[in-house]
$ cat query14.txt   # compact mmCIF, C-alpha atoms and all ligand atoms
# COMPACT_ATOMS: atom_id res chain seq x y z
CA MET J 2 0.00 0.00 0.00
CA ILE J 3 1.19 3.52 -0.69
CA VAL J 4 -0.18 6.74 0.70
CA VAL J 5 0.01 9.64 -1.72
CA MET J 6 0.09 12.97 0.11
CA LYS J 7 -1.42 16.15 -1.35
CA ARG J 8 0.93 18.62 -3.02
CA ASP J 9 0.48 21.09 -0.20
CA ALA J 10 0.65 18.58 2.66
CA THR J 11 2.62 19.97 5.58
CA SER J 12 5.40 18.11 7.33
CA ALA J 13 3.18 17.92 10.43
CA GLN J 14 0.48 16.15 8.38
CA ILE J 15 3.06 13.77 6.92
CA GLY J 16 4.31 13.11 10.45
CA GLU J 17 0.80 12.24 11.62
CA VAL J 18 0.31 9.71 8.84
CA ILE J 19 3.69 8.16 9.65
CA ALA J 20 2.83 7.88 13.32
CA ARG J 21 -0.50 6.25 12.51
CA VAL J 22 0.86 3.55 10.22
CA GLU J 23 3.77 2.83 12.54
CA GLU J 24 1.22 2.32 15.28
CA TRP J 25 -0.45 -0.26 13.02
CA GLY J 26 2.83 -2.18 12.82
CA TYR J 27 4.20 -1.19 9.39
CA ARG J 28 7.67 -0.16 8.35
CA LEU J 29 7.83 2.88 6.11
CA HIS J 30 9.54 3.95 2.96
CA LEU J 31 9.38 7.65 2.34
CA SER J 32 9.73 8.99 -1.16
CA GLU J 33 9.96 12.77 -1.19
CA GLY J 34 9.43 13.91 -4.74
CA GLU J 35 9.59 17.42 -6.11
CA GLU J 36 5.81 17.60 -6.21
CA ARG J 37 4.58 15.40 -3.43
CA THR J 38 5.53 12.88 -0.79
CA ILE J 39 4.65 9.23 -1.12
CA ILE J 40 4.66 6.98 1.93
CA GLY J 41 5.07 3.26 1.33
CA LEU J 42 3.92 0.72 3.91
CA ILE J 43 5.93 -2.47 4.17
CA GLY J 44 5.44 -5.58 6.25
CA ASN J 45 2.50 -7.35 7.79
CA GLY J 46 0.84 -5.00 10.19
CA ARG J 47 -2.77 -4.68 11.23
CA PRO J 48 -5.31 -4.62 8.36
CA ILE J 49 -5.04 -1.21 6.80
CA LEU J 50 -8.05 1.03 7.20
CA ARG J 51 -7.93 2.90 3.94
CA GLU J 52 -10.90 5.13 4.72
CA GLN J 53 -9.30 6.16 7.96
CA LEU J 54 -6.07 7.05 6.20
CA GLU J 55 -7.85 8.84 3.38
CA SER J 56 -9.76 10.98 5.84
CA MET J 57 -6.54 12.26 7.42
CA ALA J 58 -5.47 15.83 6.67
CA GLY J 59 -3.01 16.11 3.81
CA VAL J 60 -3.74 12.66 2.34
CA GLU J 61 -4.76 12.62 -1.32
CA ARG J 62 -5.34 8.90 -1.79
CA THR J 63 -4.13 5.41 -0.94
CA VAL J 64 -3.10 2.89 -3.59
CA PRO J 65 -2.83 -0.84 -2.91
CA ILE J 66 0.20 -2.50 -4.53
CA LEU J 67 -0.97 -5.82 -5.79
CA ARG J 68 2.32 -7.05 -7.20
CA PRO J 69 4.42 -9.30 -4.98
CA TYR J 70 7.38 -6.92 -5.19
CA LYS J 71 6.68 -3.65 -3.46
CA LEU J 72 9.86 -1.63 -2.94
CA ALA J 73 11.05 -2.59 -6.42
CA SER J 74 7.83 -1.55 -8.10
CA ARG J 75 7.24 1.59 -10.10
CA GLU J 76 3.99 2.28 -8.21
CA PHE J 77 5.93 2.46 -4.99
CA HIS J 78 8.61 4.72 -6.39
CA PRO J 79 7.43 6.40 -9.59
CA ARG J 80 10.67 8.22 -10.41
CA ASP J 81 13.74 6.42 -11.77
CA THR J 82 16.30 5.45 -9.17
CA VAL J 83 19.69 6.89 -10.03
CA ILE J 84 22.67 5.20 -8.40
CA ARG J 85 25.86 7.20 -7.98
CA VAL J 86 29.22 5.52 -7.93
CA GLY J 87 31.96 8.13 -7.76
CA ASP J 88 31.29 10.46 -10.68
CA VAL J 89 29.15 7.92 -12.52
CA ALA J 90 25.34 8.03 -12.36
CA ILE J 91 23.55 4.81 -13.30
CA GLY J 92 19.86 5.02 -14.23
CA GLY J 93 19.86 8.67 -15.30
CA GLU J 94 20.40 10.26 -18.68
CA ASP J 95 23.87 8.77 -19.15
CA PHE J 96 24.46 5.39 -20.77
CA VAL J 97 27.00 3.70 -18.52
CA ILE J 98 29.54 1.19 -19.80
CA MET J 99 31.12 -1.33 -17.45
CA ALA J 100 33.91 -3.31 -19.09
CA GLY J 101 36.85 -5.53 -18.28
CA PRO J 102 37.91 -9.14 -18.22
CA CYS J 103 35.66 -11.99 -17.18
CA ALA J 104 38.28 -12.95 -14.58
CA VAL J 105 41.24 -11.16 -13.10
CA GLU J 106 44.08 -13.41 -14.24
CA SER J 107 47.24 -11.46 -13.52
CA ARG J 108 48.43 -7.94 -12.73
CA GLU J 109 49.55 -7.31 -16.33
CA GLN J 110 46.35 -8.66 -17.86
CA LEU J 111 44.15 -6.59 -15.58
CA LEU J 112 46.09 -3.33 -15.78
CA GLU J 113 46.43 -3.59 -19.56
CA THR J 114 42.70 -4.19 -19.92
CA ALA J 115 41.74 -1.50 -17.42
CA ARG J 116 43.82 1.14 -19.22
CA ALA J 117 42.46 0.09 -22.59
CA VAL J 118 38.81 0.20 -21.56
CA ARG J 119 39.25 3.54 -19.83
CA GLU J 120 40.93 4.96 -22.93
CA ALA J 121 38.05 3.69 -25.06
CA GLY J 122 35.47 5.38 -22.84
CA ALA J 123 34.33 2.82 -20.24
CA HIS J 124 33.05 4.28 -16.97
CA ILE J 125 33.39 1.30 -14.64
CA LEU J 126 35.87 -1.61 -14.56
CA ARG J 127 34.56 -5.16 -14.23
CA GLY J 128 36.56 -8.26 -13.31
CA GLY J 129 35.89 -11.43 -11.37
CA ALA J 130 38.10 -12.44 -8.45
CA PHE J 131 35.76 -15.19 -7.23
CA LYS J 132 34.48 -17.06 -10.27
CA PRO J 133 31.40 -19.31 -10.32
CA ARG J 134 32.60 -21.94 -12.81
CA THR J 135 30.52 -24.84 -14.09
CA SER J 136 33.48 -27.19 -13.66
CA PRO J 137 35.38 -27.47 -10.39
CA TYR J 138 38.52 -28.10 -12.51
CA SER J 139 38.29 -24.72 -14.28
CA PHE J 140 40.11 -21.59 -13.08
CA GLN J 141 38.26 -20.41 -9.97
CA GLY J 142 39.67 -16.89 -9.80
CA LEU J 143 42.50 -15.31 -7.83
CA GLY J 144 40.37 -14.62 -4.77
CA GLU J 145 41.58 -11.83 -2.50
CA GLU J 146 44.69 -11.30 -4.65
CA GLY J 147 42.28 -10.52 -7.52
CA LEU J 148 40.47 -7.99 -5.34
CA ARG J 149 43.78 -6.30 -4.48
CA LEU J 150 44.61 -6.05 -8.18
CA LEU J 151 41.21 -4.53 -8.92
CA ALA J 152 41.85 -1.90 -6.25
CA GLU J 153 45.22 -1.18 -7.84
CA ALA J 154 43.61 -0.86 -11.27
CA ARG J 155 41.05 1.56 -9.83
CA LYS J 156 43.86 3.65 -8.37
CA GLN J 157 45.69 3.75 -11.70
CA THR J 158 42.69 4.45 -13.91
CA GLY J 159 40.21 6.18 -11.61
CA LEU J 160 37.53 3.69 -12.71
CA PRO J 161 35.21 2.34 -9.98
CA VAL J 162 35.15 -1.45 -9.76
CA VAL J 163 32.36 -4.03 -9.97
CA THR J 164 33.15 -7.60 -8.94
CA GLU J 165 31.22 -10.71 -8.01
CA VAL J 166 30.56 -11.98 -4.51
CA MET J 167 29.42 -15.59 -4.20
CA ASP J 168 29.11 -16.22 -0.48
CA PRO J 169 27.40 -14.28 2.32
CA GLN J 170 30.57 -14.63 4.39
CA GLN J 171 32.62 -12.99 1.62
CA VAL J 172 30.52 -9.83 1.47
CA ALA J 173 32.56 -7.81 3.97
CA LEU J 174 35.83 -8.76 2.26
CA VAL J 175 34.63 -8.02 -1.27
CA ALA J 176 32.96 -4.80 -0.10
CA SER J 177 36.26 -3.61 1.36
CA TYR J 178 37.73 -3.55 -2.19
CA ALA J 179 34.78 -3.08 -4.56
CA ASP J 180 32.51 -0.15 -5.48
CA ILE J 181 29.63 -2.35 -6.70
CA LEU J 182 28.86 -5.90 -5.56
CA GLN J 183 27.84 -8.26 -8.35
CA VAL J 184 25.47 -11.13 -7.58
CA GLY J 185 25.80 -13.58 -10.45
CA ALA J 186 23.12 -15.41 -12.39
CA ARG J 187 23.73 -18.62 -10.45
CA ASN J 188 23.23 -16.93 -7.12
CA ILE J 189 20.16 -14.85 -7.72
CA GLN J 190 18.06 -17.09 -5.51
CA ASN J 191 20.71 -17.51 -2.83
CA TYR J 192 18.63 -15.74 -0.21
CA ALA J 193 21.35 -15.71 2.43
CA LEU J 194 23.57 -13.85 -0.05
CA LEU J 195 20.77 -11.43 -1.01
CA HIS J 196 20.22 -10.76 2.69
CA ALA J 197 23.95 -10.11 3.22
CA VAL J 198 24.33 -7.71 0.27
CA GLY J 199 21.09 -6.06 1.41
CA GLU J 200 22.86 -5.12 4.61
CA SER J 201 25.82 -3.70 2.74
CA ARG J 202 25.87 -0.04 1.83
CA LEU J 203 27.37 -0.67 -1.61
CA PRO J 204 25.26 -0.79 -4.78
CA VAL J 205 24.36 -4.29 -5.92
CA LEU J 206 24.39 -5.44 -9.55
CA LEU J 207 21.89 -8.27 -9.70
CA LYS J 208 22.07 -10.58 -12.71
CA ARG J 209 19.00 -12.37 -13.97
CA GLY J 210 19.24 -16.11 -13.35
CA ILE J 211 19.73 -18.57 -16.17
CA MET J 212 16.16 -19.85 -15.71
CA CYS J 213 14.68 -16.94 -13.88
CA THR J 214 11.50 -15.08 -14.82
CA VAL J 215 11.28 -11.31 -14.79
CA GLU J 216 9.16 -11.54 -11.65
CA GLU J 217 11.73 -13.76 -9.92
CA LEU J 218 14.41 -11.20 -10.77
CA LEU J 219 12.29 -8.46 -9.22
CA MET J 220 11.62 -10.60 -6.16
CA ALA J 221 15.37 -11.10 -5.74
CA ALA J 222 15.78 -7.32 -5.93
CA GLU J 223 13.01 -7.03 -3.33
CA TYR J 224 15.10 -9.14 -0.93
CA VAL J 225 18.00 -6.71 -1.22
CA LEU J 226 15.76 -3.64 -0.93
CA SER J 227 13.84 -5.07 2.01
CA HIS J 228 17.08 -5.39 3.95
CA GLY J 229 17.64 -1.68 3.60
CA ASN J 230 19.85 -1.43 0.52
CA TYR J 231 17.96 0.61 -2.07
CA GLN J 232 20.80 0.68 -4.59
CA VAL J 233 20.08 -2.24 -6.92
CA ILE J 234 20.98 -2.43 -10.61
CA LEU J 235 19.14 -5.11 -12.60
CA CYS J 236 21.07 -6.93 -15.32
CA GLU J 237 19.56 -8.89 -18.22
CA ARG J 238 22.25 -11.38 -19.29
CA GLY J 239 20.24 -13.87 -21.33
CA ILE J 240 18.28 -16.90 -20.27
CA ARG J 241 18.52 -20.54 -21.29
CA THR J 242 16.36 -21.58 -24.22
CA PHE J 243 16.50 -24.39 -26.79
CA GLU J 244 18.81 -22.37 -29.07
CA PRO J 245 22.38 -23.70 -29.00
CA TYR J 246 24.00 -21.23 -31.44
CA THR J 247 24.20 -18.62 -28.72
CA ARG J 248 25.27 -19.30 -25.13
CA ASN J 249 22.00 -17.84 -23.85
CA THR J 250 19.08 -16.00 -25.42
CA LEU J 251 18.96 -12.30 -24.68
CA ASP J 252 15.46 -11.36 -23.59
CA ILE J 253 15.50 -7.87 -25.08
CA SER J 254 11.87 -7.24 -24.17
CA ALA J 255 12.80 -7.68 -20.51
CA VAL J 256 14.59 -4.31 -20.73
CA PRO J 257 11.57 -2.06 -21.43
CA LEU J 258 9.40 -4.37 -19.33
CA LEU J 259 11.65 -4.02 -16.28
CA LYS J 260 11.76 -0.26 -16.83
CA GLN J 261 7.96 -0.21 -16.80
CA LEU J 262 7.55 -2.45 -13.77
CA SER J 263 10.39 -1.04 -11.72
CA HIS J 264 12.23 2.20 -10.99
CA LEU J 265 15.58 0.43 -10.72
CA PRO J 266 18.30 0.88 -13.37
CA VAL J 267 18.50 -1.89 -15.97
CA ILE J 268 21.69 -2.85 -17.79
CA VAL J 269 22.46 -5.55 -20.36
CA ASP J 270 25.36 -8.01 -20.48
CA PRO J 271 25.78 -8.78 -24.20
CA SER J 272 28.79 -11.05 -23.54
CA HIS J 273 27.12 -13.77 -21.47
CA ALA J 274 23.88 -13.27 -23.40
CA THR J 275 25.50 -14.33 -26.67
CA GLY J 276 28.72 -16.15 -25.79
CA ARG J 277 30.18 -14.88 -29.09
CA TRP J 278 32.25 -11.74 -29.46
CA GLU J 279 30.95 -11.10 -33.02
CA LEU J 280 27.44 -10.66 -31.63
CA VAL J 281 28.38 -8.31 -28.81
CA GLU J 282 28.30 -5.11 -30.86
CA PRO J 283 24.88 -5.52 -32.53
CA VAL J 284 23.31 -6.75 -29.31
CA SER J 285 24.79 -3.80 -27.40
CA CYS J 286 23.23 -1.39 -29.89
CA ALA J 287 19.90 -3.18 -29.43
CA ALA J 288 20.19 -2.79 -25.67
CA LEU J 289 20.75 0.94 -26.00
CA ALA J 290 17.80 1.23 -28.38
CA ALA J 291 15.57 -0.77 -26.03
CA GLY J 292 16.16 1.67 -23.19
CA ALA J 293 18.89 -0.02 -21.16
CA ASP J 294 20.80 2.24 -18.78
CA GLY J 295 24.12 0.65 -19.60
CA LEU J 296 26.18 -2.41 -20.48
CA LEU J 297 28.46 -4.93 -18.81
CA VAL J 298 30.96 -6.09 -21.45
CA GLU J 299 33.84 -8.57 -21.29
CA VAL J 300 37.15 -7.41 -22.76
CA HIS J 301 40.46 -9.30 -22.87
CA PRO J 302 43.73 -8.25 -24.50
CA ARG J 303 44.27 -11.80 -25.82
CA PRO J 304 40.93 -13.63 -25.80
CA GLU J 305 42.52 -16.81 -27.17
CA GLU J 306 44.57 -17.05 -23.95
CA ALA J 307 41.75 -16.12 -21.55
CA LEU J 308 41.24 -18.42 -18.57
CA SER J 309 37.49 -17.92 -18.84
CA ASP J 310 35.01 -16.71 -21.45
CA GLY J 311 37.55 -15.98 -24.20
CA PRO J 312 35.10 -16.67 -27.07
CA GLN J 313 32.79 -13.86 -25.90
CA SER J 314 35.50 -11.36 -24.97
CA LEU J 315 36.21 -8.35 -27.18
CA LYS J 316 39.75 -7.32 -27.95
CA PRO J 317 40.44 -3.75 -26.78
CA GLU J 318 40.31 -2.33 -30.32
CA ARG J 319 36.94 -3.98 -30.93
CA PHE J 320 35.70 -2.57 -27.65
CA ALA J 321 36.84 0.91 -28.71
CA ALA J 322 34.95 0.46 -32.00
CA LEU J 323 31.87 -0.61 -30.04
CA VAL J 324 31.95 2.54 -27.90
CA ARG J 325 32.31 4.69 -31.04
CA ARG J 326 29.28 2.99 -32.57
CA LEU J 327 27.27 3.42 -29.38
CA ARG J 328 28.11 7.13 -29.36
CA ALA J 329 26.52 7.44 -32.77
CA PHE J 330 23.36 5.67 -31.55
CA ALA J 331 23.13 7.36 -28.15
CA TRP J 332 21.67 10.59 -29.47
CA ALA J 333 18.89 8.75 -31.31
CA ALA J 334 18.13 6.79 -28.14
CA GLY J 335 17.86 10.00 -26.16
CA ARG J 336 20.91 9.20 -24.03
CA LYS J 337 24.24 10.79 -23.32
CA LEU J 338 27.42 8.78 -23.51
CA PRO J 339 29.96 10.82 -21.55
C1 LIG J 401 30.28 -12.84 -15.08
O1 LIG J 401 29.79 -11.69 -15.15
O2 LIG J 401 31.47 -13.07 -15.26
C2 LIG J 401 29.38 -13.98 -14.82
C3 LIG J 401 29.82 -15.09 -14.26
O3 LIG J 401 28.13 -13.76 -15.27
P1 LIG J 401 26.76 -14.58 -15.04
O4 LIG J 401 26.59 -14.64 -13.54
O5 LIG J 401 25.75 -13.73 -15.72
O6 LIG J 401 26.93 -15.92 -15.67
MN MN J 402 32.30 -14.26 -17.78

$ encode --input "query14.txt" --output "structure tokens"
Amino acid sequence: MIVVMKRDATSAQIGEVIARVEEWGYRLHLSEGEERTIIGLIGNGRPILREQLESMAGVERTVPILRPYKLASREFHPRDTVIRVGDVAIGGEDFVIMAGPCAVESREQLLETARAVREAGAHILRGGAFKPRTSPYSFQGLGEEGLRLLAEARKQTGLPVVTEVMDPQQVALVASYADILQVGARNIQNYALLHAVGESRLPVLLKRGIMCTVEELLMAAEYVLSHGNYQVILCERGIRTFEPYTRNTLDISAVPLLKQLSHLPVIVDPSHATGRWELVEPVSCAALAAGADGLLVEVHPRPEEALSDGPQSLKPERFAALVRRLRAFAWAAGRKLP
């Protein structure tokens, strides 16, 4: 349920509504817009007496939220959420590009990639230190050493860092190095992890699960939001279908759909969505056209030597060409690409 206050509601009237619903056993989420204040009620309190609320001074109307996600829903928070990471704003007018290797493999590999993507125009550096690999015999990531290297790359390039966290007990460690915590597709329904990142104060990049519906993605976001962390970025990275020519199938319609259903920023990962570097550029342009707020792209200086996801990684010069192409499209999509 949300309570929409009148334009001219006073702070005393808002305070009275808050006191009343707290008395009924609800937690509150206050959204103070330029025009009016919206009060969201969360939790299972006493049955809400809508007439009583609507008869209070300053209240315009009450609106029940029928969807299972509340804090993530557009009704609850009509304006777009914009998440600031350093100088970068995700979810606003700017189209934000996050790029870097799938995995941090070595100091040289990471620093070379970080410099190249910054030069080409990326805004945020990605790189996995803890890797969720299908095979236990594959490279599992450098762990904390990888995090240290990411921090060094941030220092050298000025780019904020996004990296994956796989375990609730790792959150504090990863958060001590990262600027954004990534929850990977395989962990989107790891509720203990969602709870832990929900208690962190860092933004969370939440990837859609391999077999996850749009509603399940929003419910995962709701877990993070309901633990007090309102900075969630949704990421469409393809889902599993019967089509084997691509690694996953990018659900492009999920982008405008998520933007309609939710106020949270939505980005697209064209690398995992396709599994093929040749498809990354066209799919990235489609994401921009569909209204995505940004991209998460894998880049490797020598993809043929990559310890993970080489076939979908762009070489730095291809990444630079991609950013140039996106710049040409950004204007038509009504976005800025700083
Ligand atoms: C990744 O970003 O490197 C990754 C493992 O992605 P996903 O969780 O989408 O498979
Ligand atoms: Mn990868």

$ residues_around --input "query14.txt" --residues "Leu338 of chain J" --least-positions-apart "5" --cutoff "9 Å" --atoms "all atoms listed in the file" --output "PyMOL selection string"
chain J and resi 94-98+122+324+327-328+331-332

$ axis_aligned_box --input "query14.txt" --around "ligand LIG 401 (chain J)" --padding-each-side "6 Å" --output "AutoDock Vina command-line options"
--center_x 28.6 --center_y -13.8 --center_z -14.6 --size_x 17.7 --size_y 16.2 --size_z 14.2

$ closest_residue --input "query14.txt" --among "J:Leu315, J:Ala121, J:Leu143, J:Ala90" --to "Pro302 of chain J" --atoms "all atoms listed in the file"
J:Leu315

$ residues_near_ligand --input "query14.txt" --ligand "ligand MN 402 (chain J)" --cutoff "7 Å" --atoms "all atoms listed in the file" --output "compact mmCIF listing (two decimals) with C-alpha atoms, in the coordinates of the input"
# COMPACT_ATOMS: atom_id res chain seq x y z
CA CYS J 103 35.66 -11.99 -17.18
CA ALA J 104 38.28 -12.95 -14.58
CA HIS J 273 27.12 -13.77 -21.47
CA GLU J 299 33.84 -8.57 -21.29
CA SER J 309 37.49 -17.92 -18.84
CA ASP J 310 35.01 -16.71 -21.45

$ closest_residue --input "query14.txt" --among "J:Val256, J:Leu297, J:Ala58, J:Leu50" --to "ligand LIG 401 (chain J)" --atoms "all atoms listed in the file"
J:Leu297

$ residues_near_ligand --input "query14.txt" --ligand "ligand LIG 401 (chain J)" --cutoff "9 Å" --atoms "only C-alpha atoms and all ligand atoms" --output "PyMOL selection string"
chain J and resi 102-104+127-129+132-134+164-165+183-189+207-211+236-239+270+272-274+297-299+309-310

$ atom_distance --input "query14.txt" --atom1 "atom CA of Ser254 of chain J" --atom2 "atom CA of Leu219 of chain J"
15.0 Å

$ closest_residue --input "query14.txt" --among "J:Ile19, J:Ile268, J:Ile66, J:Ile91" --to "Lys337 of chain J" --atoms "only C-alpha atoms"
J:Ile91

$ closest_residue --input "query14.txt" --among "J:Gln313, J:Gln110, J:Gln261, J:Gln171" --to "Gly292 of chain J" --atoms "only C-alpha atoms"
J:Gln261

$ residues_near_point --input "query14.txt" --point "(-5.5, 11.2, 6.9)" --cutoff "12 Å" --atoms "all atoms listed in the file" --output "list in words"
Val4, Val5, Met6, Lys7, Ala10, Ala13, Gln14, Ile15, Gly16, Glu17, Val18, Ile19, Ala20, Arg21, Val22, Leu50, Arg51, Glu52, Gln53, Leu54, Glu55, Ser56, Met57, Ala58, Gly59, Val60, Glu61, Arg62 and Thr63 of chain J

$ closest_atom_pairs --input "query14.txt" --of "segment 184-247 of chain J" --to "segment 69-72 of chain J" --cutoff "10 Å" --atoms "all atoms listed in the file" --output "JSON lines"
{"residue": "J:Glu216", "atom": "CA", "partner": "J:Tyr70", "partner_atom": "CA", "distance": 8.1}
{"residue": "J:Glu217", "atom": "CA", "partner": "J:Tyr70", "partner_atom": "CA", "distance": 9.4}
{"residue": "J:Leu218", "atom": "CA", "partner": "J:Tyr70", "partner_atom": "CA", "distance": 9.9}
{"residue": "J:Leu219", "atom": "CA", "partner": "J:Tyr70", "partner_atom": "CA", "distance": 6.5}
{"residue": "J:Met220", "atom": "CA", "partner": "J:Tyr70", "partner_atom": "CA", "distance": 5.7}
{"residue": "J:Ala221", "atom": "CA", "partner": "J:Tyr70", "partner_atom": "CA", "distance": 9.0}
{"residue": "J:Ala222", "atom": "CA", "partner": "J:Tyr70", "partner_atom": "CA", "distance": 8.4}
{"residue": "J:Glu223", "atom": "CA", "partner": "J:Tyr70", "partner_atom": "CA", "distance": 5.9}
{"residue": "J:Tyr224", "atom": "CA", "partner": "J:Tyr70", "partner_atom": "CA", "distance": 9.1}
{"residue": "J:Val225", "atom": "CA", "partner": "J:Leu72", "partner_atom": "CA", "distance": 9.7}
{"residue": "J:Leu226", "atom": "CA", "partner": "J:Leu72", "partner_atom": "CA", "distance": 6.5}
{"residue": "J:Ser227", "atom": "CA", "partner": "J:Leu72", "partner_atom": "CA", "distance": 7.2}
{"residue": "J:Tyr231", "atom": "CA", "partner": "J:Leu72", "partner_atom": "CA", "distance": 8.4}

$ closest_residue --input "query14.txt" --among "J:Leu194, J:Val233, J:Ile43, J:Val300" --to "Arg116 of chain J" --atoms "all atoms listed in the file"
J:Val300
